[in-house]
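> Coordinates in start_12.txt, compact mmCIF, C-alpha atoms and all ligand atoms, are listed below.
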```
# COMPACT_ATOMS: atom_id res chain seq x y z
CA MET A 1 21.59 15.53 -11.46
CA THR A 2 24.20 16.11 -8.78
CA LYS A 3 23.64 15.94 -5.06
CA ASN A 4 24.34 19.60 -4.50
CA GLU A 5 21.79 20.96 -6.96
CA ALA A 6 18.92 18.72 -5.72
CA ASN A 7 16.45 19.99 -3.12
CA GLY A 8 12.89 19.12 -2.14
CA ILE A 9 10.81 16.10 -1.20
CA TRP A 10 8.25 15.17 -3.85
CA VAL A 11 5.22 12.93 -3.58
CA PHE A 12 3.41 11.68 -6.68
CA ALA A 13 -0.24 12.56 -6.03
CA GLU A 14 -1.99 9.78 -7.92
CA GLN A 15 -5.56 10.49 -8.93
CA ARG A 16 -8.08 8.54 -10.92
CA ASN A 17 -11.15 10.13 -12.47
CA GLY A 18 -10.41 13.25 -10.43
CA VAL A 19 -10.35 11.36 -7.10
CA LEU A 20 -7.10 11.35 -5.12
CA ASP A 21 -5.73 7.99 -4.07
CA LYS A 22 -5.35 7.79 -0.28
CA THR A 23 -1.76 6.55 -0.30
CA PRO A 24 -0.19 9.87 -1.42
CA LEU A 25 -1.85 11.49 1.61
CA GLU A 26 -0.08 8.95 3.83
CA LEU A 27 3.17 9.65 1.98
CA ILE A 28 2.81 13.41 2.50
CA ALA A 29 2.60 12.75 6.26
CA LYS A 30 5.85 10.77 6.10
CA ALA A 31 7.46 13.38 3.86
CA LEU A 32 6.70 15.99 6.54
CA GLU A 33 8.59 13.84 9.04
CA LEU A 34 11.56 13.67 6.64
CA LYS A 35 11.34 17.45 6.26
CA GLU A 36 11.89 17.83 10.01
CA THR A 37 15.34 16.25 9.54
CA ILE A 38 16.51 17.80 6.26
CA GLY A 39 14.41 20.98 6.13
CA GLU A 40 13.39 20.53 2.49
CA GLU A 41 9.90 21.49 1.32
CA VAL A 42 7.25 18.88 0.58
CA THR A 43 5.77 19.13 -2.91
CA ALA A 44 2.90 17.07 -4.30
CA VAL A 45 2.99 16.43 -8.05
CA LEU A 46 -0.46 16.23 -9.59
CA MET A 47 -0.98 15.13 -13.19
CA GLY A 48 -4.21 14.74 -15.17
CA GLN A 49 -6.87 16.92 -16.78
CA ASP A 50 -9.10 19.27 -14.79
CA VAL A 51 -7.47 18.14 -11.56
CA ALA A 52 -6.18 21.48 -10.24
CA GLY A 53 -9.07 21.53 -7.76
CA LEU A 54 -7.41 18.68 -5.88
CA ALA A 55 -4.44 20.89 -4.96
CA ASP A 56 -6.31 22.35 -1.96
CA SER A 57 -6.74 18.88 -0.48
CA LEU A 58 -3.05 18.09 -0.92
CA ILE A 59 -2.16 21.30 0.91
CA ALA A 60 -4.72 20.52 3.62
CA TYR A 61 -3.00 17.17 4.16
CA GLY A 62 0.37 18.87 4.55
CA ALA A 63 1.98 19.62 1.16
CA ASP A 64 3.85 22.95 1.12
CA LYS A 65 3.52 23.19 -2.65
CA VAL A 66 1.60 21.47 -5.40
CA ILE A 67 2.85 21.28 -8.98
CA VAL A 68 -0.10 20.76 -11.32
CA ALA A 69 0.47 19.50 -14.86
CA GLU A 70 -2.72 19.28 -16.89
CA HIS A 71 -3.24 18.10 -20.46
CA ALA A 72 -5.89 16.18 -22.39
CA ASN A 73 -3.33 13.39 -22.96
CA LEU A 74 -2.88 13.05 -19.18
CA LYS A 75 -6.60 12.61 -18.50
CA VAL A 76 -6.32 8.84 -18.13
CA TYR A 77 -3.07 7.32 -16.87
CA SER A 78 -0.89 6.17 -19.75
CA ALA A 79 2.75 5.26 -19.24
CA ARG A 80 4.69 7.29 -21.79
CA PRO A 81 2.87 10.65 -21.50
CA TYR A 82 3.09 10.52 -17.69
CA GLN A 83 6.74 9.48 -17.87
CA LYS A 84 7.61 12.35 -20.21
CA VAL A 85 5.95 14.99 -18.04
CA ALA A 86 7.33 13.63 -14.77
CA VAL A 87 10.87 13.61 -16.18
CA GLU A 88 10.50 17.18 -17.47
CA LEU A 89 9.30 18.36 -14.07
CA VAL A 90 12.18 16.65 -12.28
CA ASN A 91 14.71 18.16 -14.67
CA LYS A 92 13.22 21.59 -14.12
CA TYR A 93 12.79 21.58 -10.33
CA LYS A 94 15.46 19.02 -9.28
CA PRO A 95 13.96 17.35 -6.19
CA SER A 96 16.29 15.32 -3.97
CA ILE A 97 13.66 12.70 -3.07
CA PHE A 98 10.71 11.49 -5.19
CA ILE A 99 8.22 9.18 -3.46
CA PHE A 100 5.54 7.21 -5.33
CA PRO A 101 2.70 5.09 -3.95
CA ALA A 102 3.31 1.40 -4.67
CA THR A 103 0.00 1.21 -6.53
CA ALA A 104 -0.35 -0.22 -10.04
CA GLN A 105 0.18 3.29 -11.41
CA GLY A 106 3.13 4.14 -9.16
CA ARG A 107 4.79 0.78 -9.81
CA ASP A 108 4.48 1.36 -13.55
CA LEU A 109 5.54 5.00 -13.62
CA ALA A 110 8.38 5.19 -11.08
CA PRO A 111 10.77 2.73 -12.79
CA ARG A 112 10.19 4.38 -16.16
CA VAL A 113 11.05 7.80 -14.71
CA MET A 114 14.04 6.31 -12.89
CA CYS A 115 15.43 4.77 -16.11
CA THR A 116 15.10 7.99 -18.09
CA LEU A 117 16.74 10.00 -15.33
CA GLY A 118 19.44 7.37 -14.75
CA THR A 119 19.01 7.44 -10.99
CA GLY A 120 18.13 4.83 -8.32
CA LEU A 121 14.78 3.45 -7.14
CA THR A 122 13.76 1.25 -4.24
CA ALA A 123 10.55 -0.72 -4.75
CA ASP A 124 7.84 -1.45 -2.20
CA ALA A 125 9.41 0.24 0.81
CA VAL A 126 7.78 -0.19 4.22
CA ASP A 127 9.72 2.58 5.96
CA LEU A 128 11.74 5.71 5.17
CA GLY A 129 14.24 7.57 7.31
CA PHE A 130 17.83 8.73 7.69
CA ASP A 131 20.86 6.84 9.03
CA ASP A 132 23.46 8.23 11.45
CA GLU A 133 25.41 9.79 8.57
CA GLY A 134 22.27 11.53 7.29
CA ALA A 135 21.78 9.28 4.26
CA PHE A 136 18.16 8.79 3.15
CA VAL A 137 17.39 5.13 3.81
CA GLN A 138 14.53 3.14 2.31
CA THR A 139 13.57 -0.06 4.10
CA THR A 140 12.11 -2.84 2.01
CA PRO A 141 11.48 -6.59 2.54
CA ALA A 142 14.11 -8.69 0.73
CA PHE A 143 14.76 -12.39 0.10
CA GLY A 144 11.09 -13.27 0.13
CA GLY A 145 10.48 -11.04 3.12
CA SER A 146 12.80 -13.01 5.40
CA LEU A 147 14.87 -9.90 6.08
CA LEU A 148 14.56 -6.14 5.76
CA ALA A 149 17.02 -4.38 3.46
CA HIS A 150 18.02 -0.77 4.18
CA ILE A 151 18.83 0.84 0.85
CA ALA A 152 20.50 4.18 0.22
CA ILE A 153 21.16 5.96 -3.08
CA PRO A 154 24.30 7.89 -2.12
CA GLU A 155 25.14 9.95 -5.21
CA LEU A 156 22.32 9.95 -7.74
CA ARG A 157 19.33 12.29 -7.53
CA PRO A 158 16.45 12.21 -7.12
CA GLN A 159 16.42 9.30 -4.68
CA MET A 160 13.32 7.45 -5.83
CA VAL A 161 11.13 5.01 -3.95
CA THR A 162 7.71 3.38 -4.13
CA VAL A 163 5.98 2.88 -0.78
CA ARG A 164 3.18 0.49 0.14
CA ALA A 165 -0.25 1.69 1.17
CA HIS A 166 -1.19 1.79 4.86
CA VAL A 167 2.33 1.81 6.28
CA PHE A 168 2.01 5.46 7.36
CA ASP A 169 -0.98 7.38 8.69
CA ALA A 170 -2.24 10.44 6.83
CA ARG A 171 -2.55 13.59 8.95
CA GLU A 172 -5.91 15.08 9.75
CA PRO A 173 -6.61 17.58 6.96
CA ASP A 174 -6.50 21.26 7.80
CA PHE A 175 -8.32 23.17 5.09
CA SER A 176 -7.19 26.51 6.52
CA ARG A 177 -3.56 25.69 5.56
CA LYS A 178 -2.04 27.80 2.83
CA GLY A 179 0.41 26.55 0.23
CA GLU A 180 1.74 27.41 -3.19
CA VAL A 181 0.14 25.96 -6.32
CA ILE A 182 2.35 25.99 -9.43
CA VAL A 183 0.50 25.34 -12.67
CA GLU A 184 2.86 23.99 -15.33
CA THR A 185 2.03 24.28 -19.02
CA VAL A 186 2.95 20.98 -20.60
CA GLU A 187 2.86 19.67 -24.15
CA VAL A 188 2.56 15.95 -24.47
CA ASP A 189 1.50 13.57 -27.23
CA ALA A 190 -0.79 10.62 -26.68
CA ASP A 191 0.98 7.29 -26.24
CA PRO A 192 2.02 6.25 -29.75
CA ASP A 193 1.54 2.53 -29.12
CA TYR A 194 -1.84 2.22 -27.47
CA GLU A 195 -4.96 4.15 -26.58
CA VAL A 196 -6.82 3.70 -23.30
CA LEU A 197 -10.45 3.53 -24.42
CA SER A 198 -12.00 3.37 -20.98
CA VAL A 199 -11.18 2.42 -17.41
CA GLU A 200 -13.85 0.35 -15.69
CA PRO A 201 -13.65 -0.38 -11.96
CA ILE A 202 -14.06 -4.05 -11.09
CA VAL A 203 -17.48 -4.32 -9.47
CA LYS A 204 -17.38 -6.52 -6.38
CA ASN A 205 -19.70 -7.19 -3.53
CA GLY A 206 -18.59 -5.77 -0.22
CA VAL A 207 -15.68 -3.56 0.71
CA ALA A 208 -12.13 -4.06 -0.58
CA ILE A 209 -9.99 -5.69 2.12
CA HIS A 210 -7.66 -2.68 2.45
CA GLU A 211 -10.68 -0.54 3.34
CA ALA A 212 -12.47 -3.03 5.61
CA GLU A 213 -12.51 -2.31 9.35
CA VAL A 214 -13.11 -5.95 10.24
CA LEU A 215 -11.52 -8.98 8.56
CA VAL A 216 -11.80 -12.73 8.99
CA ALA A 217 -8.80 -14.31 7.27
CA GLY A 218 -8.42 -18.00 6.46
CA GLY A 219 -5.23 -19.91 5.66
CA ARG A 220 -3.94 -23.31 4.62
CA GLY A 221 -5.35 -24.78 7.83
CA ILE A 222 -8.87 -24.48 6.34
CA LYS A 223 -9.67 -27.94 5.12
CA ASN A 224 -12.30 -27.42 2.42
CA GLU A 225 -14.43 -24.83 0.66
CA GLU A 226 -17.49 -25.62 2.82
CA ASP A 227 -15.48 -24.57 5.88
CA LEU A 228 -14.39 -21.46 4.03
CA ALA A 229 -18.07 -20.61 3.56
CA GLN A 230 -18.39 -20.66 7.37
CA LEU A 231 -15.59 -18.10 7.63
CA ARG A 232 -17.45 -15.95 5.12
CA GLU A 233 -20.61 -16.27 7.22
CA LEU A 234 -18.70 -15.32 10.37
CA ALA A 235 -17.20 -12.29 8.61
CA SER A 236 -20.63 -11.17 7.52
CA LEU A 237 -22.10 -11.66 11.02
CA ILE A 238 -19.49 -9.35 12.54
CA GLY A 239 -19.79 -6.75 9.77
CA GLY A 240 -16.52 -7.66 8.10
CA GLU A 241 -15.00 -9.11 4.96
CA LEU A 242 -13.34 -12.41 4.17
CA ALA A 243 -9.59 -12.33 3.44
CA CYS A 244 -6.88 -15.00 3.23
CA SER A 245 -3.24 -15.97 3.19
CA ARG A 246 -1.61 -16.96 -0.08
CA PRO A 247 -2.23 -20.74 -0.18
CA LEU A 248 -5.99 -20.22 -0.61
CA VAL A 249 -5.30 -18.05 -3.65
CA ASP A 250 -2.73 -20.50 -5.03
CA ASP A 251 -5.34 -23.27 -4.65
CA GLY A 252 -7.83 -21.20 -6.62
CA TRP A 253 -10.33 -20.96 -3.74
CA LEU A 254 -10.20 -17.19 -3.49
CA ASP A 255 -9.30 -14.26 -5.70
CA HIS A 256 -5.89 -12.58 -5.35
CA SER A 257 -7.64 -9.35 -4.34
CA LEU A 258 -8.42 -11.08 -1.01
CA GLN A 259 -4.80 -12.05 -0.27
CA ILE A 260 -3.08 -10.27 2.60
CA GLY A 261 0.69 -9.92 2.57
CA GLN A 262 3.84 -9.03 0.77
CA SER A 263 2.64 -10.15 -2.66
CA GLY A 264 -0.96 -9.30 -1.80
CA THR A 265 -2.56 -6.35 -0.03
CA THR A 266 -1.48 -4.47 3.09
CA VAL A 267 -4.42 -4.10 5.46
CA LYS A 268 -4.93 -2.08 8.64
CA PRO A 269 -8.35 -3.03 10.01
CA LYS A 270 -9.64 -2.32 13.50
CA PHE A 271 -10.00 -6.07 14.03
CA ILE A 272 -8.66 -9.13 12.26
CA LEU A 273 -9.36 -12.77 13.10
CA ASN A 274 -6.78 -15.16 11.62
CA ILE A 275 -7.92 -18.76 11.26
CA GLY A 276 -5.58 -21.59 10.26
CA ILE A 277 -2.74 -19.22 9.40
CA SER A 278 0.76 -19.80 10.80
CA GLY A 279 2.17 -16.27 10.51
CA SER A 280 4.91 -16.19 7.87
CA VAL A 281 6.81 -12.89 7.59
CA GLN A 282 5.26 -12.46 4.16
CA TYR A 283 1.77 -12.66 5.67
CA MET A 284 2.43 -10.65 8.82
CA VAL A 285 4.05 -7.75 6.97
CA GLY A 286 0.63 -7.20 5.40
CA MET A 287 -1.50 -7.14 8.57
CA GLN A 288 0.66 -6.46 11.61
CA LYS A 289 -0.61 -2.90 11.92
CA ALA A 290 -4.18 -4.06 12.60
CA GLN A 291 -5.49 -2.49 15.81
CA THR A 292 -6.63 -5.75 17.39
CA ILE A 293 -5.42 -9.17 16.28
CA ALA A 294 -7.11 -12.46 17.18
CA THR A 295 -5.93 -15.91 16.12
CA ILE A 296 -7.33 -19.43 16.09
CA ASN A 297 -4.73 -22.14 15.50
CA THR A 298 -4.23 -25.71 16.69
CA TYR A 299 -0.49 -25.11 17.10
CA ASP A 300 0.23 -23.07 20.24
CA ARG A 301 3.62 -21.87 18.93
CA ALA A 302 2.39 -20.53 15.60
CA GLU A 303 4.27 -17.25 14.93
CA LEU A 304 1.02 -15.29 14.66
CA PHE A 305 0.47 -15.75 18.40
CA ASP A 306 3.52 -13.47 18.96
CA ILE A 307 1.53 -10.48 17.68
CA THR A 308 -1.91 -11.67 18.80
CA GLN A 309 -3.96 -10.04 21.57
CA TYR A 310 -6.73 -12.67 21.69
CA GLY A 311 -5.58 -16.21 20.89
CA VAL A 312 -7.40 -19.53 20.92
CA VAL A 313 -5.50 -22.81 20.58
CA ALA A 314 -8.22 -24.91 19.01
CA ASP A 315 -9.49 -26.66 15.92
CA TYR A 316 -11.39 -24.04 13.93
CA ALA A 317 -13.87 -26.69 12.83
CA LYS A 318 -15.11 -26.82 16.43
CA ILE A 319 -14.81 -23.23 17.53
CA VAL A 320 -16.01 -21.34 14.43
CA PRO A 321 -19.50 -22.96 14.38
CA ALA A 322 -19.74 -22.32 18.13
CA ILE A 323 -18.92 -18.63 17.66
CA ILE A 324 -21.45 -18.36 14.82
CA ASP A 325 -24.16 -19.99 16.97
CA GLU A 326 -23.37 -17.68 19.88
CA ILE A 327 -23.54 -14.54 17.73
CA LYS A 328 -26.83 -15.68 16.21
CA ALA A 329 -28.24 -16.46 19.66
CA ARG A 330 -27.27 -13.02 20.96
CA LYS A 331 -28.76 -11.29 17.93
C1 LIG A 401 8.22 -13.86 -2.35
C2 LIG A 401 7.12 -14.45 -1.51
C3 LIG A 401 5.98 -13.69 -1.31
C4 LIG A 401 4.94 -14.21 -0.53
N1 LIG A 401 3.84 -13.44 -0.32
C5 LIG A 401 2.87 -13.88 0.49
C6 LIG A 401 1.73 -13.08 0.79
O1 LIG A 401 1.57 -11.97 0.27
N2 LIG A 401 0.80 -13.58 1.64
C7 LIG A 401 0.92 -14.80 2.23
O2 LIG A 401 0.03 -15.19 3.00
N3 LIG A 401 1.96 -15.59 1.96
C8 LIG A 401 2.93 -15.17 1.10
N4 LIG A 401 3.98 -15.98 0.82
C9 LIG A 401 3.92 -17.39 1.31
C10 LIG A 401 4.38 -17.50 2.76
O3 LIG A 401 5.77 -17.72 2.80
C11 LIG A 401 3.69 -18.71 3.46
O4 LIG A 401 3.92 -19.87 2.72
C12 LIG A 401 2.17 -18.52 3.63
O5 LIG A 401 1.89 -17.28 4.23
C13 LIG A 401 1.64 -19.63 4.54
O6 LIG A 401 0.25 -19.49 4.64
P1 LIG A 401 -0.54 -20.11 5.87
O7 LIG A 401 -0.08 -19.51 7.14
O8 LIG A 401 -1.98 -20.03 5.53
O9 LIG A 401 -0.13 -21.65 5.79
P2 LIG A 401 0.75 -22.52 6.78
O10 LIG A 401 2.05 -21.86 7.05
O11 LIG A 401 0.77 -23.90 6.19
O12 LIG A 401 -0.08 -22.53 8.13
C14 LIG A 401 -1.30 -23.21 8.30
C15 LIG A 401 -1.65 -23.10 9.78
O13 LIG A 401 -2.93 -23.68 9.99
C16 LIG A 401 -2.93 -24.28 11.27
N5 LIG A 401 -3.99 -25.26 11.28
C17 LIG A 401 -4.05 -26.46 10.62
N6 LIG A 401 -5.21 -27.07 10.88
C18 LIG A 401 -5.92 -26.26 11.70
C19 LIG A 401 -7.20 -26.36 12.31
N7 LIG A 401 -8.00 -27.42 12.10
N8 LIG A 401 -7.61 -25.34 13.10
C20 LIG A 401 -6.82 -24.25 13.33
N9 LIG A 401 -5.59 -24.12 12.78
C21 LIG A 401 -5.15 -25.11 11.96
C22 LIG A 401 -1.55 -24.89 11.36
O14 LIG A 401 -1.18 -25.13 12.71
C23 LIG A 401 -0.69 -23.83 10.71
O15 LIG A 401 -0.18 -22.93 11.66
C24 LIG A 401 5.04 -15.50 0.05
C25 LIG A 401 6.19 -16.24 -0.16
C26 LIG A 401 7.22 -15.72 -0.93
C27 LIG A 401 8.46 -16.55 -1.12
```
Render the structure in this file as structure tokens.
Ligand SMILES: Cc1cc2nc3c(=O)[nH]c(=O)nc-3n(C[C@H](O)[C@H](O)[C@H](O)COP(=O)(O)OP(=O)(O)OC[C@H]3O[C@@H](n4cnc5c(N)ncnc54)[C@H](O)[C@@H]3O)c2cc1C

Amino acid sequence: MTKNEANGIWVFAEQRNGVLDKTPLELIAKALELKETIGEEVTAVLMGQDVAGLADSLIAYGADKVIVAEHANLKVYSARPYQKVAVELVNKYKPSIFIFPATAQGRDLAPRVMCTLGTGLTADAVDLGFDDEGAFVQTTPAFGGSLLAHIAIPELRPQMVTVRAHVFDAREPDFSRKGEVIVETVEVDADPDYEVLSVEPIVKNGVAIHEAEVLVAGGRGIKNEEDLAQLRELASLIGGELACSRPLVDDGWLDHSLQIGQSGTTVKPKFILNIGISGSVQYMVGMQKAQTIATINTYDRAELFDITQYGVVADYAKIVPAIIDEIKARK
């Protein structure tokens, strides 16, 4: 597709069991900002079965249009049927930008669509914007997160990108907003190679770390699993969840779902307490948007102190039990 024929900013509106993922709503907010510069409409692309009812929400969150493609073979996400329909829609409507959430689904679908269309894709972007010449620029951590790459796709269209959760804020929904809903009739076969029999959510105690408002995160500075249990107790006492930096996952102490950072989860809690974590770029990129950041570290020049509002230079083994005792005493 040539540059001149492409127009429109698309957001892939991922849903699961008829429930919209929150990340597309954040991406619609960013797409509206992009629209202010290039004046192209924001369209949400919704695929599934019996999902048309979600179009109103997408419009309330800012989409100008919603394209709905429904079919029994789109009921549960499956790579090839979704890929086929997404490619057909792009070929028909010719968007200039196509943004996907960097979720498991978005990370699976976007590269497949990109390959079929023969265009370009930036993975895991943390910002989107335009440079001085008006080129659409996608910013993404590169070389292990030690620098940020600004990537443009100058000629090919659509310019495709996956974007991490929680890097943009969704707008407040306005259910009085009006928008256009286009219902597309699609024909699509089931995936020839596999059948999704059922999708079962992993049942876990507590709230997922990306949804938690309060986090206590432990790092390599934590000496043993008994001490880690204290961090868990502290998290529970302040109504939060336990999280961690990567070494505790690599050591097998905690599940990867609790890892904050570039190769883990991006979090945006109201409060995060970092204990025994130095503050690598790969860790900080996943939590630097927390509202209030507190840090306990023995090393007064640990990088995390640069973004910390409440810092304590101390051995956690002394201060954490003291904090726990104090909270218990006050309760
Ligand atoms: C491609 C790539 C992706 C990565 N993705 C991630 C990611 O998603 N998340 C992530 O976390 N890392 C990630 N990493 C690893 C990252 O580079 C760091 O190695 C890691 O974040 C370090 O974790 P840490 O801060 O817990 O450990 P360290 O850097 O070893 O820091 C431990 C800290 O504990 C302090 N400490 C020690 N004893 C005590 C004590 N008694 N009391 C208080 N403080 C104490 C020390 O002063 C030190 O600052 C990635 C790396 C690469 C190359």
> Nearest to Ile38 of chain A among A:Leu237, A:Val183, A:Val188, A:Ile97, with distances taken over only C-alpha atoms: which residue is it?
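When distances to Ile38 of chain A are compared using only C-alpha atoms, the smallest one comes from A:Ile97.
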> Could you check how far atom CA of Ala165 of chain A sits from atom CA of Gly206 of chain A, in Å to one decimal?
19.8 Å
> Enumerate as JSON, numbers by chain the residues within 6 Å of ligand LIG 401 (chain A), counting all atoms listed in the file.
{"A": [144, 219, 220, 221, 245, 246, 247, 260, 261, 262, 263, 264, 275, 276, 277, 278, 279, 280, 282, 283, 296, 297, 298, 299, 302, 314, 315, 316, 317]}
> Which of these residues is nearest to Phe305 of chain A, using all atoms listed in the file: A:Ile209, A:Leu25, A:Ile319, A:Met284?
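Using all atoms listed in the file, the shortest distance to Phe305 of chain A belongs to A:Met284.
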> Quick one: distance from atom CA of Lys65 of chain A to atom CA of Glu5 of chain A in Å, one decimal?
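Between atom CA of Lys65 of chain A and atom CA of Glu5 of chain A the gap works out to 18.9 Å.
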> Quick one: distance from atom CA of Thr43 of chain A to atom CA of Ile28 of chain A in Å, one decimal?
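So the two atoms, atom CA of Thr43 of chain A and atom CA of Ile28 of chain A, lie 8.4 Å apart.
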> Determine, counting only C-alpha atoms, which protein, DNA and RNA residues have an atom within 9 Å of an atom of Glu41 of chain A; residues of the same chain fewer than 5 positions away are not included. Present the result as a PyMOL selection string.
chain A and resi 7-10+31-32+35+63-65
> Which one is closest to Asp189 of chain A: A:Leu231, A:Ile59, A:Ala79, A:Ile324? Count only C-alpha atoms.
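For Asp189 of chain A, the nearest of the candidates is A:Ala79.
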> Would you kindly return, as a PyMOL selection string, each protein, DNA or RNA residue with an atom no farther than 9 Å from any atom of Leu234 of chain A, considering only C-alpha atoms and excluding same-chain residues fewer than 2 positions away?
chain A and resi 216+229-232+236-240+242+320-321+323-324+327
> Got a sec: who's within 9 Å of Gly120 of chain A, counting all atoms listed in the file, leaving out chain neighbours fewer than 3 positions off, as a ChimeraX atom specification?
/A:111,114-115,117,152-153,156-161
> Given the point (15.6, 11.3, -16.4) in the coordinates of this file, which residues lie within 8 Å, counting all atoms listed in the file, and how would they look as a list of chain:residue names?
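Taken together, the residues in range are A:Val87, A:Glu88, A:Val90, A:Asn91, A:Val113, A:Met114, A:Cys115, A:Thr116, A:Leu117, A:Gly118, A:Thr119.
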> Taking all atoms of segment 239-253 of chain A that appear in the file, build a box with edges along x, y and z, extend it by 3 Å on every side, and state its centre and edge lengths in Å to one decimal, as AutoDock Vina command-line options.

```
--center_x -10.7 --center_y -15.0 --center_z 1.6 --size_x 24.2 --size_y 22.5 --size_z 22.4
```
> Looking at only C-alpha atoms, which of A:Asp108, A:Asp132, A:Asp193, A:Asp174 is the one that sits closest to Leu58 of chain A?
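Result for the nearest residue to Leu58 of chain A: A:Asp174.
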> Which residues are close to Thr140 of chain A, i.e. within 8 Å by all atoms listed in the file, leaving aside same-chain residues fewer than 4 positions away? Reply as a list in words.
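What passes the distance filter is Thr122, Ala123, Asp124, Ala125, Val126, Asp127, Leu148, Ala149, His150 and Ile151 of chain A.
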> Nearest to Ala135 of chain A among A:Leu89, A:Leu74, A:Lys3, A:Ala243, with distances taken over all atoms listed in the file: which residue is it?
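Ranked by minimum distance to Ala135 of chain A, first place goes to A:Lys3.
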> Find the spatial neighbours of Val66 of chain A, counting only C-alpha atoms, within a cut-off of 6 Å - ignore same-chain residues fewer than 5 positions away - and output them as a ChimeraX atom specification.
/A:43-45,181
